[in-house]
>>> print(open('input-v6.pdb').read())   # PDB, C-alpha atoms and all ligand atoms
ATOM      1  CA  MET A   1     150.675  73.012  98.118  1.00  0.00           C
ATOM      2  CA  ASP A   2     149.334  69.921  99.920  1.00  0.00           C
ATOM      3  CA  GLN A   3     152.874  68.699 100.595  1.00  0.00           C
ATOM      4  CA  ASP A   4     153.528  71.790 102.760  1.00  0.00           C
ATOM      5  CA  ILE A   5     150.591  71.007 105.064  1.00  0.00           C
ATOM      6  CA  GLN A   6     151.215  69.110 108.274  1.00  0.00           C
ATOM      7  CA  GLU A   7     147.591  68.530 109.215  1.00  0.00           C
ATOM      8  CA  ILE A   8     144.119  69.461 107.971  1.00  0.00           C
ATOM      9  CA  LEU A   9     142.236  71.246 110.760  1.00  0.00           C
ATOM     10  CA  PHE A  10     138.965  72.018 108.998  1.00  0.00           C
ATOM     11  CA  THR A  11     137.718  70.224 105.898  1.00  0.00           C
ATOM     12  CA  PRO A  12     135.699  71.948 103.150  1.00  0.00           C
ATOM     13  CA  ALA A  13     132.565  70.308 104.599  1.00  0.00           C
ATOM     14  CA  GLU A  14     133.292  71.640 108.096  1.00  0.00           C
ATOM     15  CA  ILE A  15     133.898  75.118 106.677  1.00  0.00           C
ATOM     16  CA  ALA A  16     130.635  74.948 104.701  1.00  0.00           C
ATOM     17  CA  ALA A  17     128.713  73.882 107.821  1.00  0.00           C
ATOM     18  CA  ALA A  18     130.204  76.798 109.804  1.00  0.00           C
ATOM     19  CA  ASN A  19     129.275  79.216 107.002  1.00  0.00           C
ATOM     20  CA  GLN A  20     125.718  77.931 106.892  1.00  0.00           C
ATOM     21  CA  LYS A  21     125.300  78.324 110.653  1.00  0.00           C
ATOM     22  CA  LEU A  22     126.781  81.835 110.665  1.00  0.00           C
ATOM     23  CA  GLY A  23     124.659  82.821 107.672  1.00  0.00           C
ATOM     24  CA  GLN A  24     121.490  81.684 109.438  1.00  0.00           C
ATOM     25  CA  GLN A  25     122.393  83.626 112.604  1.00  0.00           C
ATOM     26  CA  LEU A  26     123.175  86.781 110.616  1.00  0.00           C
ATOM     27  CA  ALA A  27     120.052  86.460 108.457  1.00  0.00           C
ATOM     28  CA  ARG A  28     117.953  86.259 111.623  1.00  0.00           C
ATOM     29  CA  ASP A  29     119.703  89.136 113.460  1.00  0.00           C
ATOM     30  CA  TYR A  30     119.844  91.504 110.457  1.00  0.00           C
ATOM     31  CA  HIS A  31     116.411  90.773 109.016  1.00  0.00           C
ATOM     32  CA  GLY A  32     115.090  93.975 107.369  1.00  0.00           C
ATOM     33  CA  LYS A  33     118.210  96.015 108.278  1.00  0.00           C
ATOM     34  CA  ASN A  34     120.148  96.054 104.973  1.00  0.00           C
ATOM     35  CA  PRO A  35     123.517  95.685 106.766  1.00  0.00           C
ATOM     36  CA  LEU A  36     126.878  96.681 105.319  1.00  0.00           C
ATOM     37  CA  PHE A  37     129.308  93.767 105.370  1.00  0.00           C
ATOM     38  CA  VAL A  38     132.888  95.032 105.467  1.00  0.00           C
ATOM     39  CA  CYS A  39     135.309  92.414 104.197  1.00  0.00           C
ATOM     40  CA  VAL A  40     138.807  92.805 105.610  1.00  0.00           C
ATOM     41  CA  LEU A  41     141.142  92.064 102.705  1.00  0.00           C
ATOM     42  CA  LYS A  42     142.629  89.885 101.636  1.00  0.00           C
ATOM     43  CA  GLY A  43     142.177  86.900 103.910  1.00  0.00           C
ATOM     44  CA  ALA A  44     138.407  87.199 104.391  1.00  0.00           C
ATOM     45  CA  ILE A  45     137.505  87.278 100.698  1.00  0.00           C
ATOM     46  CA  LEU A  46     136.673  83.573 100.307  1.00  0.00           C
ATOM     47  CA  PHE A  47     134.685  83.585 103.545  1.00  0.00           C
ATOM     48  CA  LEU A  48     132.732  86.710 102.533  1.00  0.00           C
ATOM     49  CA  THR A  49     131.694  85.299  99.188  1.00  0.00           C
ATOM     50  CA  ASP A  50     130.466  82.033 100.699  1.00  0.00           C
ATOM     51  CA  LEU A  51     128.864  83.714 103.725  1.00  0.00           C
ATOM     52  CA  VAL A  52     126.726  86.249 101.842  1.00  0.00           C
ATOM     53  CA  ARG A  53     125.282  83.463  99.697  1.00  0.00           C
ATOM     54  CA  GLN A  54     123.810  81.960 102.886  1.00  0.00           C
ATOM     55  CA  ILE A  55     121.743  85.111 103.464  1.00  0.00           C
ATOM     56  CA  PRO A  56     118.431  85.332 101.579  1.00  0.00           C
ATOM     57  CA  GLU A  57     117.951  89.119 101.979  1.00  0.00           C
ATOM     58  CA  SER A  58     120.002  91.851 100.346  1.00  0.00           C
ATOM     59  CA  VAL A  59     123.202  92.895 102.095  1.00  0.00           C
ATOM     60  CA  GLU A  60     125.702  95.469 100.877  1.00  0.00           C
ATOM     61  CA  ILE A  61     129.400  94.655 100.723  1.00  0.00           C
ATOM     62  CA  ASP A  62     132.484  96.841 100.807  1.00  0.00           C
ATOM     63  CA  PHE A  63     136.180  96.252 101.406  1.00  0.00           C
ATOM     64  CA  MET A  64     138.964  97.507 103.621  1.00  0.00           C
ATOM     65  CA  ASP A  65     142.586  96.526 103.267  1.00  0.00           C
ATOM     66  CA  VAL A  66     144.518  96.425 106.500  1.00  0.00           C
ATOM     67  CA  SER A  67     147.821  94.676 106.886  1.00  0.00           C
ATOM     68  CA  SER A  68     150.064  93.885 109.810  1.00  0.00           C
ATOM     69  CA  TYR A  69     151.733  90.555 109.093  1.00  0.00           C
ATOM     70  CA  HIS A  70     153.965  91.722 106.232  1.00  0.00           C
ATOM     71  CA  GLY A  71     154.823  88.184 105.115  1.00  0.00           C
ATOM     72  CA  LYS A  72     155.701  86.873 108.562  1.00  0.00           C
ATOM     73  CA  THR A  73     153.927  84.400 110.840  1.00  0.00           C
ATOM     74  CA  THR A  74     153.689  86.822 113.773  1.00  0.00           C
ATOM     75  CA  SER A  75     152.018  90.243 113.783  1.00  0.00           C
ATOM     76  CA  SER A  76     154.327  93.231 113.387  1.00  0.00           C
ATOM     77  CA  GLY A  77     152.023  95.117 115.758  1.00  0.00           C
ATOM     78  CA  GLU A  78     151.769  97.983 113.302  1.00  0.00           C
ATOM     79  CA  VAL A  79     148.388  98.079 111.561  1.00  0.00           C
ATOM     80  CA  LYS A  80     148.227 100.031 108.327  1.00  0.00           C
ATOM     81  CA  ILE A  81     145.019 101.045 106.542  1.00  0.00           C
ATOM     82  CA  LEU A  82     145.839 100.400 102.895  1.00  0.00           C
ATOM     83  CA  LYS A  83     142.326 100.866 101.516  1.00  0.00           C
ATOM     84  CA  ASP A  84     139.349 102.486 103.201  1.00  0.00           C
ATOM     85  CA  LEU A  85     135.633 102.050 102.490  1.00  0.00           C
ATOM     86  CA  ASP A  86     133.995 103.616  99.451  1.00  0.00           C
ATOM     87  CA  VAL A  87     130.764 104.430 101.326  1.00  0.00           C
ATOM     88  CA  SER A  88     129.826 106.265 104.517  1.00  0.00           C
ATOM     89  CA  VAL A  89     128.848 104.099 107.478  1.00  0.00           C
ATOM     90  CA  ALA A  90     126.885 106.828 109.283  1.00  0.00           C
ATOM     91  CA  GLY A  91     123.621 105.331 110.499  1.00  0.00           C
ATOM     92  CA  ARG A  92     124.454 101.893 109.067  1.00  0.00           C
ATOM     93  CA  ASP A  93     124.523  98.486 110.709  1.00  0.00           C
ATOM     94  CA  VAL A  94     128.084  97.389 109.983  1.00  0.00           C
ATOM     95  CA  VAL A  95     129.428  93.849 110.187  1.00  0.00           C
ATOM     96  CA  PHE A  96     133.180  93.311 109.914  1.00  0.00           C
ATOM     97  CA  VAL A  97     133.913  90.062 108.119  1.00  0.00           C
ATOM     98  CA  GLU A  98     137.242  88.494 109.106  1.00  0.00           C
ATOM     99  CA  ASP A  99     138.882  85.181 108.342  1.00  0.00           C
ATOM    100  CA  ILE A 100     140.768  84.963 111.644  1.00  0.00           C
ATOM    101  CA  ILE A 101     141.202  86.830 114.922  1.00  0.00           C
ATOM    102  CA  ASP A 102     144.661  86.151 116.312  1.00  0.00           C
ATOM    103  CA  THR A 103     146.359  88.887 118.390  1.00  0.00           C
ATOM    104  CA  GLY A 104     143.239  91.040 117.924  1.00  0.00           C
ATOM    105  CA  LYS A 105     145.325  94.020 116.740  1.00  0.00           C
ATOM    106  CA  THR A 106     143.692  94.290 113.314  1.00  0.00           C
ATOM    107  CA  LEU A 107     140.136  94.361 114.637  1.00  0.00           C
ATOM    108  CA  LYS A 108     141.039  96.581 117.603  1.00  0.00           C
ATOM    109  CA  ALA A 109     142.475  99.132 115.159  1.00  0.00           C
ATOM    110  CA  LEU A 110     139.348  98.896 112.981  1.00  0.00           C
ATOM    111  CA  MET A 111     136.954  99.177 115.930  1.00  0.00           C
ATOM    112  CA  ASP A 112     138.872 102.233 117.204  1.00  0.00           C
ATOM    113  CA  LEU A 113     138.723 103.821 113.764  1.00  0.00           C
ATOM    114  CA  PHE A 114     134.997 103.168 113.479  1.00  0.00           C
ATOM    115  CA  ALA A 115     134.221 104.545 116.946  1.00  0.00           C
ATOM    116  CA  SER A 116     134.159 108.057 115.442  1.00  0.00           C
ATOM    117  CA  ARG A 117     132.289 107.160 112.266  1.00  0.00           C
ATOM    118  CA  LYS A 118     128.762 107.181 113.701  1.00  0.00           C
ATOM    119  CA  ALA A 119     127.673 103.757 112.511  1.00  0.00           C
ATOM    120  CA  LYS A 120     124.385 102.638 114.069  1.00  0.00           C
ATOM    121  CA  SER A 121     126.025  99.383 115.152  1.00  0.00           C
ATOM    122  CA  VAL A 122     129.336  97.613 114.531  1.00  0.00           C
ATOM    123  CA  LYS A 123     129.668  93.860 114.981  1.00  0.00           C
ATOM    124  CA  ILE A 124     132.251  91.261 114.038  1.00  0.00           C
ATOM    125  CA  VAL A 125     131.927  87.897 112.337  1.00  0.00           C
ATOM    126  CA  SER A 126     135.069  85.792 112.115  1.00  0.00           C
ATOM    127  CA  LEU A 127     135.281  82.367 110.557  1.00  0.00           C
ATOM    128  CA  VAL A 128     138.144  81.353 112.841  1.00  0.00           C
ATOM    129  CA  ASP A 129     139.076  82.407 116.352  1.00  0.00           C
ATOM    130  CA  LYS A 130     142.623  81.708 117.600  1.00  0.00           C
ATOM    131  CA  PRO A 131     142.436  82.802 121.246  1.00  0.00           C
ATOM    132  CA  ALA A 132     145.947  81.697 122.339  1.00  0.00           C
ATOM    133  CA  HIS A 133     147.781  84.881 121.303  1.00  0.00           C
ATOM    134  CA  ARG A 134     145.266  87.593 122.071  1.00  0.00           C
ATOM    135  CA  GLU A 135     146.970  90.903 122.877  1.00  0.00           C
ATOM    136  CA  GLN A 136     143.956  93.192 122.488  1.00  0.00           C
ATOM    137  CA  VAL A 137     140.522  92.677 123.974  1.00  0.00           C
ATOM    138  CA  VAL A 138     138.342  92.004 120.941  1.00  0.00           C
ATOM    139  CA  GLN A 139     135.135  90.029 121.196  1.00  0.00           C
ATOM    140  CA  ALA A 140     133.710  88.658 117.983  1.00  0.00           C
ATOM    141  CA  ASP A 141     129.923  88.551 117.960  1.00  0.00           C
ATOM    142  CA  TYR A 142     129.824  85.560 115.615  1.00  0.00           C
ATOM    143  CA  ILE A 143     132.524  82.860 115.426  1.00  0.00           C
ATOM    144  CA  GLY A 144     132.506  79.816 113.181  1.00  0.00           C
ATOM    145  CA  LEU A 145     135.492  77.724 114.265  1.00  0.00           C
ATOM    146  CA  THR A 146     138.111  77.820 117.022  1.00  0.00           C
ATOM    147  CA  CYS A 147     141.666  76.817 116.202  1.00  0.00           C
ATOM    148  CA  PRO A 148     144.666  75.819 118.330  1.00  0.00           C
ATOM    149  CA  ASP A 149     147.872  77.829 118.701  1.00  0.00           C
ATOM    150  CA  LYS A 150     149.252  76.976 115.257  1.00  0.00           C
ATOM    151  CA  PHE A 151     149.917  79.037 112.143  1.00  0.00           C
ATOM    152  CA  ILE A 152     147.192  78.078 109.704  1.00  0.00           C
ATOM    153  CA  VAL A 153     146.691  78.618 105.998  1.00  0.00           C
ATOM    154  CA  GLY A 154     144.021  77.997 103.382  1.00  0.00           C
ATOM    155  CA  TYR A 155     140.516  79.205 102.584  1.00  0.00           C
ATOM    156  CA  GLY A 156     141.827  82.755 102.232  1.00  0.00           C
ATOM    157  CA  MET A 157     144.630  82.616 104.795  1.00  0.00           C
ATOM    158  CA  ASP A 158     148.181  82.918 103.541  1.00  0.00           C
ATOM    159  CA  TYR A 159     151.825  82.580 104.299  1.00  0.00           C
ATOM    160  CA  GLN A 160     153.719  85.084 102.146  1.00  0.00           C
ATOM    161  CA  GLU A 161     150.663  85.355  99.864  1.00  0.00           C
ATOM    162  CA  ASN A 162     150.574  81.614  99.140  1.00  0.00           C
ATOM    163  CA  TYR A 163     148.077  78.871 100.100  1.00  0.00           C
ATOM    164  CA  ARG A 164     145.001  81.173 100.057  1.00  0.00           C
ATOM    165  CA  ASN A 165     143.325  78.953  97.456  1.00  0.00           C
ATOM    166  CA  LEU A 166     143.500  75.734  99.470  1.00  0.00           C
ATOM    167  CA  PRO A 167     139.876  74.553  99.885  1.00  0.00           C
ATOM    168  CA  TYR A 168     140.560  73.462 103.489  1.00  0.00           C
ATOM    169  CA  ILE A 169     142.251  75.084 106.500  1.00  0.00           C
ATOM    170  CA  GLY A 170     145.458  73.392 107.570  1.00  0.00           C
ATOM    171  CA  VAL A 171     148.562  73.783 109.677  1.00  0.00           C
ATOM    172  CA  LEU A 172     151.627  74.794 107.722  1.00  0.00           C
ATOM    173  CA  LYS A 173     154.699  72.598 108.264  1.00  0.00           C
ATOM    174  CA  SER A 174     157.152  74.592 110.358  1.00  0.00           C
ATOM    175  CA  GLU A 175     160.045  73.801 107.995  1.00  0.00           C
ATOM    176  CA  VAL A 176     158.266  75.911 105.359  1.00  0.00           C
ATOM    177  CA  TYR A 177     158.776  79.092 107.367  1.00  0.00           C
ATOM    178  CA  LEU A 178     161.760  78.297 109.596  1.00  0.00           C
TER
HETATM  179  O1  LIG B   1     144.238  89.401 115.016  1.00  0.00           O
HETATM  180  P1  LIG B   1     145.465  89.741 114.220  1.00  0.00           P
HETATM  181  O2  LIG B   1     146.727  89.258 114.905  1.00  0.00           O
HETATM  182  O3  LIG B   1     145.546  91.177 113.852  1.00  0.00           O
HETATM  183  O4  LIG B   1     145.443  88.855 112.888  1.00  0.00           O
HETATM  184  C1  LIG B   1     144.341  88.723 112.046  1.00  0.00           C
HETATM  185  C2  LIG B   1     144.530  89.428 110.749  1.00  0.00           C
HETATM  186  O5  LIG B   1     145.743  89.015 110.115  1.00  0.00           O
HETATM  187  C3  LIG B   1     145.479  88.535 108.802  1.00  0.00           C
HETATM  188  O6  LIG B   1     145.601  89.547 107.867  1.00  0.00           O
HETATM  189  P2  LIG B   1     146.998  90.047 107.224  1.00  0.00           P
HETATM  190  O7  LIG B   1     147.443  91.283 107.935  1.00  0.00           O
HETATM  191  O8  LIG B   1     147.966  88.900 107.177  1.00  0.00           O
HETATM  192  O9  LIG B   1     146.560  90.432 105.753  1.00  0.00           O
HETATM  193  P3  LIG B   1     145.890  89.457 104.657  1.00  0.00           P
HETATM  194  O10 LIG B   1     144.475  89.237 105.092  1.00  0.00           O
HETATM  195  O11 LIG B   1     146.002  90.225 103.379  1.00  0.00           O
HETATM  196  O12 LIG B   1     146.682  88.184 104.657  1.00  0.00           O
HETATM  197  C4  LIG B   1     144.050  88.059 108.882  1.00  0.00           C
HETATM  198  O13 LIG B   1     143.451  88.031 107.605  1.00  0.00           O
HETATM  199  C5  LIG B   1     143.410  89.065 109.802  1.00  0.00           C
HETATM  200  O14 LIG B   1     142.981  90.218 109.108  1.00  0.00           O
HETATM  201  O1  LIG B   2     147.389  81.666 111.685  1.00  0.00           O
HETATM  202  C1  LIG B   2     147.324  82.539 110.782  1.00  0.00           C
HETATM  203  N1  LIG B   2     147.450  82.227 109.476  1.00  0.00           N
HETATM  204  C2  LIG B   2     147.385  83.140 108.479  1.00  0.00           C
HETATM  205  N2  LIG B   2     147.223  84.416 108.687  1.00  0.00           N
HETATM  206  C3  LIG B   2     147.103  84.810 109.966  1.00  0.00           C
HETATM  207  N3  LIG B   2     146.924  86.039 110.456  1.00  0.00           N
HETATM  208  C4  LIG B   2     146.846  85.925 111.769  1.00  0.00           C
HETATM  209  N4  LIG B   2     146.987  84.642 112.173  1.00  0.00           N
HETATM  210  C5  LIG B   2     147.143  83.907 111.040  1.00  0.00           C
HETATM  211 MG    MG B   3     148.166  87.440 105.836  1.00  0.00          MG
END
>>> encode(input="input-v6.pdb", output="structure tokens")
Amino acid sequence: MDQDIQEILFTPAEIAAANQKLGQQLARDYHGKNPLFVCVLKGAILFLTDLVRQIPESVEIDFMDVSSYHGKTTSSGEVKILKDLDVSVAGRDVVFVEDIIDTGKTLKALMDLFASRKAKSVKIVSLVDKPAHREQVVQADYIGLTCPDKFIVGYGMDYQENYRNLPYIGVLKSEVYL
């Protein structure tokens, strides 16, 4: 895998530091609230598991599977809900957990869907923000790292389902997908 990476953007230590900071902010803001963390599959799974271990109080977790990239490096624009939550969010403090916000289409679709679900609050934590290609207005409440306008992989993020298990976040060599 390493040979397909052009440049490491965030090392495991930088990712861990971002997780610790985000965990402290969330622990403070959700103290006593028993929030529901909604992990957006599959990319956010590594982030979720590290993030929740930074929080000393109990949080609930659930999963949604939404996909729009379909094995490409640019969003298809069509967001499909492949798996919905198992629990009701009515009256709950919900936190969407994302690995990356890129065009914003995935989170816009999720926020629109949740507008009618009567959650008490809905916020967003994203490990990475890539603001260069935003097509929908989506404001994350908590952001760990900001990345340049490059297609990145690792720490949950994929290209055609590969590279998710890289322990760092790096830029994929363009010859891999051209
Ligand atoms: O802001 P956007 O342009 O919508 O892009 C961000 C979304 O795209 C990726 O998911 P993807 O659809 O590739 O599914 P995956 O997490 O299973 O890889 C990523 O994990 C985010 O959920
Ligand atoms: O840069 C990215 N890498 C991997 N998955 C993604 N989904 C949106 N942007 C990206
Ligand atoms: Mg993907």
>>> axis_aligned_box(input="input-v6.pdb", around="ligand LIG 1 (chain B)", padding_each_side="6 Å", output="lines of an AutoDock Vina configuration file")
center_x = 145.5
center_y = 89.7
center_z = 109.2
size_x = 17.0
size_y = 15.3
size_z = 23.6
>>> resolve_selection(input="input-v6.pdb", expression="the PyMOL selection byres (((chain A and resi 8-15) around 8) and not hetatm)", output="PyMOL selection string")
chain A and resi 5-7+16-19+147+167-171
>>> resolve_selection(input="input-v6.pdb", expression="the PyMOL selection byres (((chain A and resi 149) around 7) and not hetatm)", output="PyMOL selection string")
chain A and resi 130+132+147-148+150-151
>>> residues_near_ligand(input="input-v6.pdb", ligand="ligand LIG 1 (chain B)", cutoff="8 Å", atoms="all atoms listed in the file", output="mmCIF file with C-alpha atoms, in the coordinates of the input")
data_model
loop_
_atom_site.group_PDB
_atom_site.id
_atom_site.type_symbol
_atom_site.label_atom_id
_atom_site.label_comp_id
_atom_site.auth_asym_id
_atom_site.auth_seq_id
_atom_site.Cartn_x
_atom_site.Cartn_y
_atom_site.Cartn_z
ATOM 1 C CA VAL A 40 138.807 92.805 105.610
ATOM 2 C CA LEU A 41 141.142 92.064 102.705
ATOM 3 C CA LYS A 42 142.629 89.885 101.636
ATOM 4 C CA GLY A 43 142.177 86.900 103.910
ATOM 5 C CA ALA A 44 138.407 87.199 104.391
ATOM 6 C CA ASP A 65 142.586 96.526 103.267
ATOM 7 C CA VAL A 66 144.518 96.425 106.500
ATOM 8 C CA SER A 67 147.821 94.676 106.886
ATOM 9 C CA SER A 68 150.064 93.885 109.810
ATOM 10 C CA TYR A 69 151.733 90.555 109.093
ATOM 11 C CA HIS A 70 153.965 91.722 106.232
ATOM 12 C CA GLY A 71 154.823 88.184 105.115
ATOM 13 C CA THR A 74 153.689 86.822 113.773
ATOM 14 C CA SER A 75 152.018 90.243 113.783
ATOM 15 C CA GLY A 77 152.023 95.117 115.758
ATOM 16 C CA VAL A 79 148.388 98.079 111.561
ATOM 17 C CA GLU A 98 137.242 88.494 109.106
ATOM 18 C CA ASP A 99 138.882 85.181 108.342
ATOM 19 C CA ILE A 100 140.768 84.963 111.644
ATOM 20 C CA ILE A 101 141.202 86.830 114.922
ATOM 21 C CA ASP A 102 144.661 86.151 116.312
ATOM 22 C CA THR A 103 146.359 88.887 118.390
ATOM 23 C CA GLY A 104 143.239 91.040 117.924
ATOM 24 C CA LYS A 105 145.325 94.020 116.740
ATOM 25 C CA THR A 106 143.692 94.290 113.314
ATOM 26 C CA LEU A 107 140.136 94.361 114.637
ATOM 27 C CA LYS A 108 141.039 96.581 117.603
ATOM 28 C CA HIS A 133 147.781 84.881 121.303
ATOM 29 C CA ARG A 134 145.266 87.593 122.071
ATOM 30 C CA GLY A 156 141.827 82.755 102.232
ATOM 31 C CA MET A 157 144.630 82.616 104.795
ATOM 32 C CA ASP A 158 148.181 82.918 103.541
ATOM 33 C CA TYR A 159 151.825 82.580 104.299
ATOM 34 C CA GLU A 161 150.663 85.355 99.864
#
>>> resolve_selection(input="input-v6.pdb", expression="the PyMOL selection byres (((chain A and resi 37) around 8) and not hetatm)", output="ChimeraX atom specification")
/A:35-36,38-39,59-62,94-97
>>> atom_distance(input="input-v6.pdb", atom1="atom CA of Pro131 of chain A", atom2="atom CA of Ile152 of chain A")
13.3 Å
>>> atom_distance(input="input-v6.pdb", atom1="atom CA of Asp93 of chain A", atom2="atom CA of Val125 of chain A")
13.0 Å
>>> atom_distance(input="input-v6.pdb", atom1="atom CA of Gly91 of chain A", atom2="atom CA of Lys123 of chain A")
13.7 Å
>>> closest_residue(input="input-v6.pdb", among="A:Val128, A:Val89, A:Leu51, A:Leu178", to="ligand LIG 2 (chain B)", atoms="only C-alpha atoms and all ligand atoms")
A:Val128
>>> closest_residue(input="input-v6.pdb", among="A:Ile55, A:Val153, A:Leu172, A:Ala115", to="ligand MG 3 (chain B)", atoms="only C-alpha atoms and all ligand atoms")
A:Val153
>>> closest_residue(input="input-v6.pdb", among="A:Arg28, A:Arg92, A:Lys83, A:Arg164", to="ligand LIG 2 (chain B)", atoms="all atoms listed in the file")
A:Arg164
>>> closest_residue(input="input-v6.pdb", among="A:Gln20, A:Phe63, A:Asn162, A:Lys33", to="Ser121 of chain A", atoms="only C-alpha atoms")
A:Lys33
